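Before any comments, here is the structure.
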4 protein chains.
Amino acid sequence: MKVIGHFINGAERQDNTRTQDVFNPATGEASARVALAAKSTVEEAVAAAQQAFPAWRATPPMKRARIMFRFKELLEQNSDAVCRAIGSEHGKILHDAAGELQRGIENVEYACGAPELLKGEYSKDVGPGIDSWSEFQPLGVVAGITPFNFPAMVPLWMFPMALVCGNTFVLKPSERDPSASMLMAALLKEAGLPDGVFNVVNGDKEAVDTLLTDPRVMAVSFVGSTPIAEYIYSTASAHGKRCQALGGAKNHAIVMPDADMDNVVNSLLGAAFGSCGERCMALSVAVTVGDEVADRLVEKLQAAMADLKVGAYEEQSNDFGPTITREHQARVIGHIDSAEDQGARIVVDGRHLTVPGYEQGFFVGATLIDGVTAEMDSYKAEIFGPVLQVVRARSMEEAMTLINDHEYGNGTCIYTRDGEAARYFSDGIQVGMVGINIPLPVPVAYHSFGGWKRSLFGDLHAYGPDGVRFYTKRKTVTQRWPSSAVRENAEFSMPTMK
Amino acid sequence: MKVIGHFINGAERQDNTRTQDVFNPATGEASARVALAAKSTVEEAVAAAQQAFPAWRATPPMKRARIMFRFKELLEQNSDAVCRAIGSEHGKILHDAAGELQRGIENVEYACGAPELLKGEYSKDVGPGIDSWSEFQPLGVVAGITPFNFPAMVPLWMFPMALVCGNTFVLKPSERDPSASMLMAALLKEAGLPDGVFNVVNGDKEAVDTLLTDPRVMAVSFVGSTPIAEYIYSTASAHGKRCQALGGAKNHAIVMPDADMDNVVNSLLGAAFGSCGERCMALSVAVTVGDEVADRLVEKLQAAMADLKVGAYEEQSNDFGPTITREHQARVIGHIDSAEDQGARIVVDGRHLTVPGYEQGFFVGATLIDGVTAEMDSYKAEIFGPVLQVVRARSMEEAMTLINDHEYGNGTCIYTRDGEAARYFSDGIQVGMVGINIPLPVPVAYHSFGGWKRSLFGDLHAYGPDGVRFYTKRKTVTQRWPSSAVRENAEFSMPTMK
Amino acid sequence: MKVIGHFINGAERQDNTRTQDVFNPATGEASARVALAAKSTVEEAVAAAQQAFPAWRATPPMKRARIMFRFKELLEQNSDAVCRAIGSEHGKILHDAAGELQRGIENVEYACGAPELLKGEYSKDVGPGIDSWSEFQPLGVVAGITPFNFPAMVPLWMFPMALVCGNTFVLKPSERDPSASMLMAALLKEAGLPDGVFNVVNGDKEAVDTLLTDPRVMAVSFVGSTPIAEYIYSTASAHGKRCQALGGAKNHAIVMPDADMDNVVNSLLGAAFGSCGERCMALSVAVTVGDEVADRLVEKLQAAMADLKVGAYEEQSNDFGPTITREHQARVIGHIDSAEDQGARIVVDGRHLTVPGYEQGFFVGATLIDGVTAEMDSYKAEIFGPVLQVVRARSMEEAMTLINDHEYGNGTCIYTRDGEAARYFSDGIQVGMVGINIPLPVPVAYHSFGGWKRSLFGDLHAYGPDGVRFYTKRKTVTQRWPSSAVRENAEFSMPTMK
Amino acid sequence: MKVIGHFINGAERQDNTRTQDVFNPATGEASARVALAAKSTVEEAVAAAQQAFPAWRATPPMKRARIMFRFKELLEQNSDAVCRAIGSEHGKILHDAAGELQRGIENVEYACGAPELLKGEYSKDVGPGIDSWSEFQPLGVVAGITPFNFPAMVPLWMFPMALVCGNTFVLKPSERDPSASMLMAALLKEAGLPDGVFNVVNGDKEAVDTLLTDPRVMAVSFVGSTPIAEYIYSTASAHGKRCQALGGAKNHAIVMPDADMDNVVNSLLGAAFGSCGERCMALSVAVTVGDEVADRLVEKLQAAMADLKVGAYEEQSNDFGPTITREHQARVIGHIDSAEDQGARIVVDGRHLTVPGYEQGFFVGATLIDGVTAEMDSYKAEIFGPVLQVVRARSMEEAMTLINDHEYGNGTCIYTRDGEAARYFSDGIQVGMVGINIPLPVPVAYHSFGGWKRSLFGDLHAYGPDGVRFYTKRKTVTQRWPSSAVRENAEFSMPTMK
């Protein structure tokens, strides 16, 4: 079976240590093995990145950006290969993988603007004859540790911007679906990126801990679950690194009585069940204001969910695919069981889904649960599966309080036609990304992505303007020239003239 | 003989009116004829642009930018064809045409950042519950009128930014070398630009005046000589249009006693004679501070100029090519004659150059004139030929006064190693683009291009951040929602709870 | 009778030429005479400003800003005197004058941020070892020509920003109400502004034309009527000056069926009749969507207007005061007559108002006219009086078309609760300043003020960010240091070490 | 003896716990006692701040800024009292205290620009009919923990910006010199700040630890020594707080052979000995390039240091005052002893200074040490006293390597006239704040202050633009309105027309 190795200093390579199966979640069968880097392998990648840093840092931003222009072209030309790698290892349907890749490419496009984004501020005459300006210099070697659920997009949130800012990079992708990262490494090289500027190490906790503690690594970007994010943030911080660690979520949509209900139902289907609910921005709780709204919503959702198609990634007519592992499948089903046990009503039950021809796949069907309350365990947890819960509130205030009291503050949405309700909601809700009639309010690449509360550890959000600030350090120069020696001495009197 | 027509609404077309010869300046022979658009043809182009405007304006900026990403790829793939079109009609050597095209492509790259560049400013709570923000909306149909000396680059200063801002465009290129514009129109279409969004009309004063007076044209960008720029600006302004009109130049370099003289000589050669001196940023006057500097400079320049090679565009070993027309050749020679008549010393004389095999070409050889003074006619005029004049000043103050007193204020440069001298110069010189040891301080695409004094009419410079502002109009929205009707009414009391 | 002179080079002074009466519009009596500057007096002011320029330009922005901090304090301490000067010469009630002054002070507050606002953009490594940055340098002597209707606020839109940018200033206020400007000149001096940096010349066309043609004046800001604005713009432009000229307006509010009608009526009263309608942002046309809305609106307005109180500026319970002159009073009444003649219905008639004790005052009462159509002369004109016209439309599209077809595009408003309607309106309306449920959407001082179409001539709006750009010119510096002479020579080998 | 208490919820108060002496370092005598807050007192302050937050957050930024305008006036009016409080508790001379206060006031001035600084980014049409924008919302209750050496300036780096961003504040100043903070609290109240928005708790580790662990505190800003900074950063981070912790420094100046030596000596005197060297930006190491430079520098410094006057704060002719405590005095002397023991040459020896009339004061005289090397303990440590060390390097590269190898990276400077050397230095030096011929390159208030390496823990620098980002959290809103219900329904056909 093929062993997926590492990409270090411009070449794919193996180290002779541990490996682990990579599964096709639709079939439940291993399709390859992935190397789990030893500490020494990670250190080798860091060393390659460190060695490549001085020349890359000295390359003008415009030239660095041009490699991203070329990388964008190559990603588009090779999108099919990248999407198939995503689909076969993660399980998401090809159209969903294409959407993921497209969002990732948008970050490449943003990084193409590096010369504009790296401008400092210039102040003439901060004092008499004194000027001062800021420069945003690269940090050095930076690392990214990324989750299984967006094997292309989340790395693309990180490295294009890190690279155009002049840093060199070590990526540790999820060991569940490492192939997209390896493909992108090869495309970067083809785009003209010098060897060592971008490296991929596959691995597990050993690799992660090496990156978190190696003094040559200046910054760490992470996306994953909240407990791990907290560990990453505190460990990296304690080792003097800059860190941003994005964690879990529980994203609520408030459905107001004046909402356009057909729009609500249509957009909720994709937001709740797309990518099998394995998105940190998945809309997993609908909070209805008033029972009348709740009843209408549940009825329409139940009807619409009957048409959802679940299956393997190759079939474009499928709506979503399997969960990532057998263990995760069991965990999702456990959350549904728990909700039922604690008194909620399972309106549509996805626990017993079998997909013909894929009987060993890690599937869970779309599930709708009504009558959920804030006390239930399944409400408190991030289920990360195709499960939409309905909580019934009596007023908008109650709905907002529910959201503001939750541990997480990643994304949220309100469905209404009313300008005042939308403004009141977006102002007061303690959530970092807010949608007005948009259930997945993922910021576009030229804004920044980040939750509040325990959904993000760090000051700066991911990608966009905050990404630029994260991947650079500010230097402020203040300058005065002491005297006019050259200027004044350069007078050459000619007695007969002037 | 081939007749070069117009590009209107997505297709090349002729109108059955007047035509004019297009020459190969190296051979002195006509290679094609170019159509001179009738008023009605120009109006047709404007109508096409106007019709295309609503849909183009409504296209999200990111989608408009993506066409520029594709256009950049196509320009790179077709650079050879574009450069040959430039060389054969303008006469510049292929390596110089490639440099021109590259600078133009950089403006396309900048335009790819449209989503970032078009961001407005959002202010929460300008009053209690009141928000306000700015939007930068496109103007509508805008026109560009461009000169012969950069048949690809100057149009590329204009239309990529105008287009990504949501405008539609009518380009009137120079009738001396129209083919580059026609090629770019075809490439834009291939890149996916909808028909009518970009149009080219070839022509003369009739076409120009139609664009300046048609009420559907909202803005005019112009690059050319100062008298025409002034006419364009006053006419367009009087017809209610936004206008920026870039005119002539006389760019001086001050050579300080501490300058690195080898660097001065090397860089002056290219800056003075490159593209046959037909650049609005050509360095045409060296102002020496002290006779010792002057003597050294003249001696070294004279020696270095002996190696310059002049000839036809196809031969990459040539340094520069012919002037644009027989008339212009005579005008340049007349300026040299005039300098000689008024007492300057012709150190290197390019008036009698003959290029074997190109005896009918419009060539002038590189010319160095010493002892020029501010009173001479050839000093006051923009020669626009391969002529470098040396003015001898006794002090830096005298040198700066000379520059500040000139009618033009496009570009300038100081050669020095001294921080104080450089700062004093760049602060006090009345010129829009300043080089420190850089003789052609053309701003990069993410800054803006523009001279002061009579070198530019209008508030805003060309391309870069000012280009964005020029091609958009500011709209400020202030918003308050009147009451909480939906929110408050949406309370559904259930007596037993809460 | 007191003669109000000029403020030149730090002192008030007279010139022995022409004078003109200044009236108290509430009594109809002259209270002073104002000098009308001769050409030579204006030239003297320009000369003073020019002489003060070099030292002021060299003063660090932070120090220039500190004078504005102090000026703000002084304006607040002297607000009573300024408001009385406004009230007695313009006629507006003291509370309205205080509002005007407050909006003006906000521009002073914004100007206090000059060090932030004047930052240029700094780009490291635009090429190998090459840096480039932009500086925003002052223009030199700039002029402001301001209207009678905001004798304090409109000058404050201009000179605080012009001054902190490093320019020196000549203000030509309205000869109807010159005292506020003279008071501010004295306060600026008290705040520490060096003599000559700010000057006031009172006068008429002779003064204006001198400012428009004097080659030492680099820029002109104007606010007034459209015909004069057009004259100012074309004349100043033809004389090589930067110019922004703000003209007339006809501001419409669309009243949608879902609007909060009490809010509409309350806010329309102030927007239509405040300051006697003599505001370029006065809301003078209500466009109702559907007859039902129109009937309700007219009925409620008619009732509410019965409570409006008209009188002299000293009485704070008055809602508004007289028009500015007897001629203007007649002109406003003429517009009402014309509307009646052309078939509109005068619902509330202010033509015959007499204010006891002020029988000679230039009063017109609040007037409501229903059934106005786009063809009527009174609809086409800017009435600039306390007259609100109602146009009945059948749909939102019809209402928007009406607005978009009008010559002017200054301000507009929509009354609705609906998010979609507000967004559709603000996107598509061809007006520069848009209110959502805000009838006077004057941008706050940190945004910019400007209309579209024939309401503004020039590229840049007034005050705010555009004000900074208007009062500065861009200089782009590109810098490379030629060799490492000092650095490399500074090696002092000591044979025994290293 | 007076007991300095706390300022909580708008009033000064005591808690009945522990107190500690506050000394006049010039006399060595206690002048007051300061309360050391119990945990419960700190929690009370936090509670007051939390209670004040909702109303303060809802106050428009312009209104918050206006309190800072007023606060600036009051600081200026009360500068004498503030400076005396600083001088008597810290020991710095009044002119130095005035300089400190002025730098602090500049941060208040910057905070006055809050409406400009808080602008978010607005993107129209991120998709069809979809808009997105960013808002920068306040964090809630934030804390500042500040050092003894700038009892007014460092708090002013923090709270003015924190407050105008909408946060409420708890300040824990140094227990050595708490009075300046108490005075500023009173002035803020006088300026109109609502009670509870700004609070001061005096105290020691108990107070600090309470602030670091209380879940209601959202962010901590700290300035102090590196070991404490590291503790603060890791503790606050582990408790989920945003943190920036500024630590120690060792600031080097490179003196190049072409430097203007008189300028070097003059400016080094102030930079090394001003405020008794107790500044994190004190210039404590001069690195000479070549022995010739070293010899000249040491000779001139020795001569100039003879004129330095040391004494008590009230006497304006003094150059600097005592160290902060008897313990610190001993520590500084110990560093000089250590340098001598390890082979350096004490050129000017300040160890045995006695100031007549102040024999018990904590004085150390200005000390110059030549022949220092990187291995010496006194070189590695931050001495924080009036001690200037000279390290002799043979080349600029060696000098830069020395600096880059040091643990700290706060400030640095190069003395040269050469543009290339300055650019090479500022580009490559691993230090956050760089001076060209400026020995104390403290960024002005509209740039940001921060070191690199172990001089700062956190991503964002203090005050200026980074301060705004630190004291706000980003919220991104994405908005689409679902349908045109109101707009389309609002059509009222009238059959006879249109």
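We name chains A, B, ... following the order of the structure tokens; residues begin at 1 in each chain, and ligands are numbered from 1 as shown.
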Proximal residues of chain A relative to chain D (only C-alpha atoms; 6 Å) as an MDAnalysis selection string: chainID A and resid 432:437 441 475:480
Output N, CA and C atoms for every residue in that selection, as a short mmCIF file (atom, residue, chain, number, x, y, z; two decimals), in the first residue's frame.
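Written output follows (out_22.cif):
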```cif
data_model
loop_
_atom_site.label_atom_id
_atom_site.label_comp_id
_atom_site.auth_asym_id
_atom_site.auth_seq_id
_atom_site.Cartn_x
_atom_site.Cartn_y
_atom_site.Cartn_z
N GLY A 432 -18.35 36.02 16.86
CA GLY A 432 -17.42 36.74 15.99
C GLY A 432 -17.87 36.89 14.55
N MET A 433 -18.68 35.96 14.05
CA MET A 433 -19.09 36.02 12.65
C MET A 433 -20.61 35.93 12.58
N VAL A 434 -21.22 36.96 12.05
CA VAL A 434 -22.66 37.12 12.15
C VAL A 434 -23.26 37.17 10.76
N GLY A 435 -24.31 36.40 10.54
CA GLY A 435 -25.02 36.45 9.28
C GLY A 435 -26.40 37.06 9.43
N ILE A 436 -26.77 37.90 8.49
CA ILE A 436 -28.15 38.37 8.41
C ILE A 436 -28.74 37.63 7.22
N ASN A 437 -29.60 36.69 7.51
CA ASN A 437 -30.19 35.82 6.48
C ASN A 437 -29.13 34.99 5.75
N PRO A 441 -22.02 32.39 7.72
CA PRO A 441 -21.39 33.69 7.44
C PRO A 441 -19.86 33.62 7.50
N LYS A 475 8.04 46.82 12.89
CA LYS A 475 9.26 47.53 13.23
C LYS A 475 9.01 49.01 12.96
N THR A 476 9.35 49.84 13.91
CA THR A 476 9.15 51.27 13.74
C THR A 476 10.51 51.96 13.67
N VAL A 477 10.73 52.66 12.59
CA VAL A 477 12.01 53.36 12.38
C VAL A 477 11.78 54.86 12.53
N THR A 478 12.67 55.50 13.26
CA THR A 478 12.61 56.95 13.42
C THR A 478 13.94 57.51 12.97
N GLN A 479 13.90 58.50 12.11
CA GLN A 479 15.12 58.90 11.41
C GLN A 479 15.31 60.42 11.41
N ARG A 480 16.53 60.83 11.74
CA ARG A 480 16.92 62.24 11.59
C ARG A 480 18.33 62.25 11.02
#
```
Might you pull out every residue within 9 Å of Leu101 of chain A, with only C-alpha atoms counted and same-chain residues fewer than 3 positions away left off, and present them as a PDB file with N, CA, C and O atoms, in the first residue's frame?
```pdb
ATOM      1  N   LEU A  75      -3.565  25.563  -9.222  1.00  0.00           N
ATOM      2  CA  LEU A  75      -4.649  24.972  -8.440  1.00  0.00           C
ATOM      3  C   LEU A  75      -5.890  24.804  -9.302  1.00  0.00           C
ATOM      4  O   LEU A  75      -6.595  23.788  -9.209  1.00  0.00           O
ATOM      5  N   GLU A  76      -6.171  25.794 -10.122  1.00  0.00           N
ATOM      6  CA  GLU A  76      -7.345  25.692 -10.989  1.00  0.00           C
ATOM      7  C   GLU A  76      -7.165  24.591 -12.020  1.00  0.00           C
ATOM      8  O   GLU A  76      -8.098  23.831 -12.297  1.00  0.00           O
ATOM      9  N   SER A  79      -7.520  21.186 -10.217  1.00  0.00           N
ATOM     10  CA  SER A  79      -8.573  21.111  -9.200  1.00  0.00           C
ATOM     11  C   SER A  79      -9.176  19.709  -9.128  1.00  0.00           C
ATOM     12  O   SER A  79      -9.548  19.247  -8.052  1.00  0.00           O
ATOM     13  N   VAL A  82      -7.039  17.546  -6.891  1.00  0.00           N
ATOM     14  CA  VAL A  82      -7.131  17.965  -5.490  1.00  0.00           C
ATOM     15  C   VAL A  82      -8.481  17.551  -4.912  1.00  0.00           C
ATOM     16  O   VAL A  82      -8.555  17.009  -3.803  1.00  0.00           O
ATOM     17  N   CYS A  83      -9.549  17.757  -5.659  1.00  0.00           N
ATOM     18  CA  CYS A  83     -10.883  17.423  -5.152  1.00  0.00           C
ATOM     19  C   CYS A  83     -11.030  15.905  -4.943  1.00  0.00           C
ATOM     20  O   CYS A  83     -11.671  15.462  -3.991  1.00  0.00           O
ATOM     21  N   ASP A  96     -18.771  19.552  -3.205  1.00  0.00           N
ATOM     22  CA  ASP A  96     -18.438  20.207  -1.940  1.00  0.00           C
ATOM     23  C   ASP A  96     -16.919  20.433  -1.849  1.00  0.00           C
ATOM     24  O   ASP A  96     -16.464  21.485  -1.391  1.00  0.00           O
ATOM     25  N   ALA A  97     -16.164  19.457  -2.293  1.00  0.00           N
ATOM     26  CA  ALA A  97     -14.706  19.622  -2.324  1.00  0.00           C
ATOM     27  C   ALA A  97     -14.325  20.791  -3.235  1.00  0.00           C
ATOM     28  O   ALA A  97     -13.415  21.573  -2.924  1.00  0.00           O
ATOM     29  N   ALA A  98     -15.045  20.898  -4.362  1.00  0.00           N
ATOM     30  CA  ALA A  98     -14.756  22.010  -5.275  1.00  0.00           C
ATOM     31  C   ALA A  98     -15.053  23.345  -4.611  1.00  0.00           C
ATOM     32  O   ALA A  98     -14.323  24.325  -4.786  1.00  0.00           O
ATOM     33  N   GLY A 104     -10.581  28.238  -0.745  1.00  0.00           N
ATOM     34  CA  GLY A 104      -9.145  28.284  -0.490  1.00  0.00           C
ATOM     35  C   GLY A 104      -8.409  29.127  -1.517  1.00  0.00           C
ATOM     36  O   GLY A 104      -7.532  29.924  -1.175  1.00  0.00           O
ATOM     37  N   ILE A 105      -8.790  28.954  -2.777  1.00  0.00           N
ATOM     38  CA  ILE A 105      -8.136  29.730  -3.842  1.00  0.00           C
ATOM     39  C   ILE A 105      -8.353  31.226  -3.624  1.00  0.00           C
ATOM     40  O   ILE A 105      -7.482  32.052  -3.931  1.00  0.00           O
ATOM     41  N   GLU A 106      -9.491  31.577  -3.057  1.00  0.00           N
ATOM     42  CA  GLU A 106      -9.729  32.998  -2.789  1.00  0.00           C
ATOM     43  C   GLU A 106      -8.692  33.569  -1.822  1.00  0.00           C
ATOM     44  O   GLU A 106      -8.353  34.743  -1.873  1.00  0.00           O
ATOM     45  N   PHE A 150     -11.291  20.349   6.499  1.00  0.00           N
ATOM     46  CA  PHE A 150     -11.034  21.114   5.274  1.00  0.00           C
ATOM     47  C   PHE A 150      -9.575  20.912   4.887  1.00  0.00           C
ATOM     48  O   PHE A 150      -8.736  21.790   5.111  1.00  0.00           O
ATOM     49  N   ALA A 152      -7.887  21.101   2.255  1.00  0.00           N
ATOM     50  CA  ALA A 152      -7.253  22.071   1.355  1.00  0.00           C
ATOM     51  C   ALA A 152      -7.483  23.497   1.849  1.00  0.00           C
ATOM     52  O   ALA A 152      -6.567  24.317   1.900  1.00  0.00           O
ATOM     53  N   MET A 153      -8.722  23.818   2.238  1.00  0.00           N
ATOM     54  CA  MET A 153      -9.055  25.210   2.522  1.00  0.00           C
ATOM     55  C   MET A 153      -8.324  25.759   3.734  1.00  0.00           C
ATOM     56  O   MET A 153      -7.798  26.874   3.691  1.00  0.00           O
ATOM     57  N   LEU A 156      -4.882  26.574   3.151  1.00  0.00           N
ATOM     58  CA  LEU A 156      -4.835  27.757   2.270  1.00  0.00           C
ATOM     59  C   LEU A 156      -5.206  29.037   3.001  1.00  0.00           C
ATOM     60  O   LEU A 156      -4.924  30.139   2.529  1.00  0.00           O
TER      61      LEU A 156
END
```
Distance criterion (only C-alpha atoms): nearest to Ala81 of chain A out of A:Ala30, A:Leu117, A:Ala180, A:Ile93: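 Among the listed residues, A:Ala180 lies closest to Ala81 of chain A.
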Which parts of segment 269-461 of chain D does DSSP call alpha helix (DSSP H) when run on the backbone here, written out as a PyMOL selection string? chain D and resi 269-273+291-305+326-341+377-380+396-405+419-428
Write out as a list of chain:residue names each polymer residue whose atoms come within 10 Å of Asp15 of chain C, counting only C-alpha atoms; drop sequence neighbours fewer than 4 positions from it.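 These residues fall inside the cut-off: C:Gly5, C:His6, C:Thr19, C:Ala35, C:Leu36, C:Ala37, C:Ala38, C:Ser40, C:Thr41.
Take atom CA of Val197 of chain C and atom CA of Val108 of chain D: the distance between them is 26.5 Å.
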7 Å contact set for Asp177 of chain B, only C-alpha atoms, chain neighbours under 5 positions out, as JSON, numbers by chain: {"B": [22, 86, 89, 90, 148, 151]}
Residue among C:Asp204, C:Trp56, C:Ala272, C:Val468 lying closest to Val390 of chain C, counting only C-alpha atoms: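 Between C:Asp204, C:Trp56, C:Ala272, C:Val468, the residue approaching Val390 of chain C most closely is C:Ala272.
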